[in-house]
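Worksheet: one structure, shown below.
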Amino acid sequence: MLLALIVWIGGIIFFAFVLAPTLFGVLPTTKLAGDVVNATLSKLHWMGLVSGIVFLVCSLLYNWQKYVQLKPFALSHVFIVVMLVFTMVSQFGITPRMRQLRAEMQNTTDNMLPTQRQRAEFDRLHEWSTRLEGSVLFLGLGVVILTARRFGSSN
């Protein structure tokens, strides 16, 4: 359970506070930085989805072994499910549309700039993506606290 949380939450923290800002600061173009962020974010989402499922399975089994009941509606489980839903919305809903918009805006000729509508939609989706990732991070920190309490009280 703890390894799954470390991978997921640690990945989000590294991505948000180290990788993305560094890429946009050192790479020569925003297109190149965006390409790397896009590929990396997809991998982060898959790591999160796998980690969330691993956490849920391990936590349910731990509860069964310790309390002879699964406790599927424990707060940490609810948080993990919400985190999984947010990650799926980002991975399968927002990210593909942002990828499509980036491609459309990059395929414009030198004389044509991306339309205001495309730019506005991309910015709106980016804002939602950031909100979802931030929510996953804060919920994940909540799961860390709940899990620490759970293990701390089991002694």
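Going by the structure tokens order, chains are called A, B, ..., each with residues numbered from 1, while ligands are numbered from 1 in the order shown.
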Give me, as number ranges by chain, all polymer residues having an atom no more than 12 Å from range 99-105 of chain A, counting only C-alpha atoms and skipping those fewer than 3 positions away in the same chain.
A: 30-32, 34-39, 41-42, 90-96, 108-110, 112-126
Show me, as an MDAnalysis selection string, the residues that have an atom within 12 Å of range 147-149 of chain A when counting only C-alpha atoms, minus same-chain residues fewer than 6 positions from it.
chainID A and resid 1:6 55:56 58:59 62:63 74:77 79:80 140:141 155
N, CA, C and O atoms of the current selection, written as an mmCIF file, in the first residue's frame:
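This is the output file again_37.cif:
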```
data_model
loop_
_atom_site.group_PDB
_atom_site.id
_atom_site.type_symbol
_atom_site.label_atom_id
_atom_site.label_comp_id
_atom_site.auth_asym_id
_atom_site.auth_seq_id
_atom_site.Cartn_x
_atom_site.Cartn_y
_atom_site.Cartn_z
ATOM 1 N N MET A 1 0.829 -1.191 0.000
ATOM 2 C CA MET A 1 0.000 0.000 0.000
ATOM 3 C C MET A 1 0.874 1.256 0.000
ATOM 4 O O MET A 1 0.614 2.183 -0.758
ATOM 5 N N LEU A 2 1.863 1.255 0.866
ATOM 6 C CA LEU A 2 2.705 2.440 0.976
ATOM 7 C C LEU A 2 3.510 2.686 -0.296
ATOM 8 O O LEU A 2 3.652 3.828 -0.733
ATOM 9 N N LEU A 3 4.019 1.630 -0.889
ATOM 10 C CA LEU A 3 4.776 1.790 -2.135
ATOM 11 C C LEU A 3 3.878 2.375 -3.228
ATOM 12 O O LEU A 3 4.297 3.271 -3.969
ATOM 13 N N ALA A 4 2.653 1.906 -3.320
ATOM 14 C CA ALA A 4 1.719 2.433 -4.325
ATOM 15 C C ALA A 4 1.483 3.927 -4.106
ATOM 16 O O ALA A 4 1.485 4.714 -5.061
ATOM 17 N N LEU A 5 1.300 4.331 -2.855
ATOM 18 C CA LEU A 5 1.105 5.755 -2.558
ATOM 19 C C LEU A 5 2.346 6.574 -2.885
ATOM 20 O O LEU A 5 2.247 7.667 -3.457
ATOM 21 N N ILE A 6 3.510 6.044 -2.522
ATOM 22 C CA ILE A 6 4.762 6.762 -2.792
ATOM 23 C C ILE A 6 4.951 6.976 -4.287
ATOM 24 O O ILE A 6 5.308 8.067 -4.733
ATOM 25 N N PHE A 55 -3.180 -0.140 -4.431
ATOM 26 C CA PHE A 55 -3.496 0.323 -3.079
ATOM 27 C C PHE A 55 -4.840 -0.244 -2.624
ATOM 28 O O PHE A 55 -4.957 -0.756 -1.503
ATOM 29 N N LEU A 56 -5.865 -0.132 -3.466
ATOM 30 C CA LEU A 56 -7.196 -0.610 -3.073
ATOM 31 C C LEU A 56 -7.189 -2.096 -2.759
ATOM 32 O O LEU A 56 -7.732 -2.527 -1.729
ATOM 33 N N CYS A 58 -4.640 -4.077 -1.941
ATOM 34 C CA CYS A 58 -3.846 -4.347 -0.729
ATOM 35 C C CYS A 58 -4.565 -3.880 0.528
ATOM 36 O O CYS A 58 -4.552 -4.573 1.559
ATOM 37 N N SER A 59 -5.203 -2.733 0.468
ATOM 38 C CA SER A 59 -5.896 -2.198 1.626
ATOM 39 C C SER A 59 -7.104 -3.057 1.994
ATOM 40 O O SER A 59 -7.344 -3.331 3.172
ATOM 41 N N TYR A 62 -5.752 -6.187 3.532
ATOM 42 C CA TYR A 62 -5.275 -5.888 4.890
ATOM 43 C C TYR A 62 -6.454 -5.831 5.863
ATOM 44 O O TYR A 62 -6.393 -6.398 6.955
ATOM 45 N N ASN A 63 -7.506 -5.136 5.465
ATOM 46 C CA ASN A 63 -8.692 -5.050 6.325
ATOM 47 C C ASN A 63 -9.295 -6.431 6.567
ATOM 48 O O ASN A 63 -9.727 -6.737 7.676
ATOM 49 N N ALA A 74 -14.342 2.825 3.550
ATOM 50 C CA ALA A 74 -13.416 3.577 4.400
ATOM 51 C C ALA A 74 -13.004 4.838 3.647
ATOM 52 O O ALA A 74 -12.919 4.850 2.412
ATOM 53 N N LEU A 75 -12.749 5.908 4.380
ATOM 54 C CA LEU A 75 -12.449 7.201 3.755
ATOM 55 C C LEU A 75 -11.254 7.114 2.803
ATOM 56 O O LEU A 75 -11.283 7.701 1.716
ATOM 57 N N SER A 76 -10.228 6.364 3.177
ATOM 58 C CA SER A 76 -9.071 6.247 2.284
ATOM 59 C C SER A 76 -9.454 5.574 0.972
ATOM 60 O O SER A 76 -8.950 5.945 -0.087
ATOM 61 N N HIS A 77 -10.360 4.610 1.019
ATOM 62 C CA HIS A 77 -10.806 3.943 -0.209
ATOM 63 C C HIS A 77 -11.627 4.897 -1.080
ATOM 64 O O HIS A 77 -11.476 4.906 -2.305
ATOM 65 N N PHE A 79 -11.350 8.156 -1.118
ATOM 66 C CA PHE A 79 -10.394 9.101 -1.697
ATOM 67 C C PHE A 79 -9.671 8.487 -2.898
ATOM 68 O O PHE A 79 -9.514 9.142 -3.929
ATOM 69 N N ILE A 80 -9.232 7.247 -2.768
ATOM 70 C CA ILE A 80 -8.518 6.587 -3.868
ATOM 71 C C ILE A 80 -9.428 6.444 -5.085
ATOM 72 O O ILE A 80 -8.994 6.679 -6.226
ATOM 73 N N GLY A 140 -4.489 12.494 -2.285
ATOM 74 C CA GLY A 140 -3.437 11.518 -2.002
ATOM 75 C C GLY A 140 -2.727 11.812 -0.691
ATOM 76 O O GLY A 140 -2.415 10.898 0.079
ATOM 77 N N LEU A 141 -2.483 13.090 -0.419
ATOM 78 C CA LEU A 141 -1.882 13.447 0.869
ATOM 79 C C LEU A 141 -2.832 13.086 2.015
ATOM 80 O O LEU A 141 -2.391 12.650 3.086
ATOM 81 N N ASN A 155 -0.727 -0.621 16.506
ATOM 82 C CA ASN A 155 0.302 -1.165 17.419
ATOM 83 C C ASN A 155 -0.243 -1.416 18.783
ATOM 84 O O ASN A 155 -1.071 -0.928 19.345
#
```
Pick the closest to Ala33 in chain A from A:Gly134, A:Gly48, A:Gly10, A:Pro21: which is it, counting only C-alpha atoms?
A:Pro21
Excluding same-chain residues fewer than 5 positions from Glu133 in chain A, what lies within 10 Å of it counting only C-alpha atoms, as a ChimeraX atom specification?
/A:12-13,16,45,83,86-87,90,127-128,138-139
Two-atom distance - CA of Arg131 in chain A, CA of Met98 in chain A (Å):
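Distance reported for this atom pair: 14.8 Å.
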Have a look at CA of Leu19 in chain A and CA of Met88 in chain A and let me know their distance in Å, one decimal.
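According to the coordinates, CA of Leu19 in chain A and CA of Met88 in chain A are separated by 21.4 Å.
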Just how far from CA of Val57 in chain A is CA of Leu70 in chain A, in Å to one decimal?
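For CA of Leu70 in chain A relative to CA of Val57 in chain A, the distance reads 9.8 Å.
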Go through chain A and collect every residue that DSSP, computed from the backbone, puts in alpha helix (DSSP H); the answer should be as a PyMOL selection string.
chain A and resi 2-14+20-26+30-67+75-89+95-106+116-152
Let me make sure I understand: among A:Val82, A:Tyr67, A:Leu61, A:Ala20, which one has the smallest atom-to-atom distance to Val143 in chain A if we use only C-alpha atoms?
A:Val82
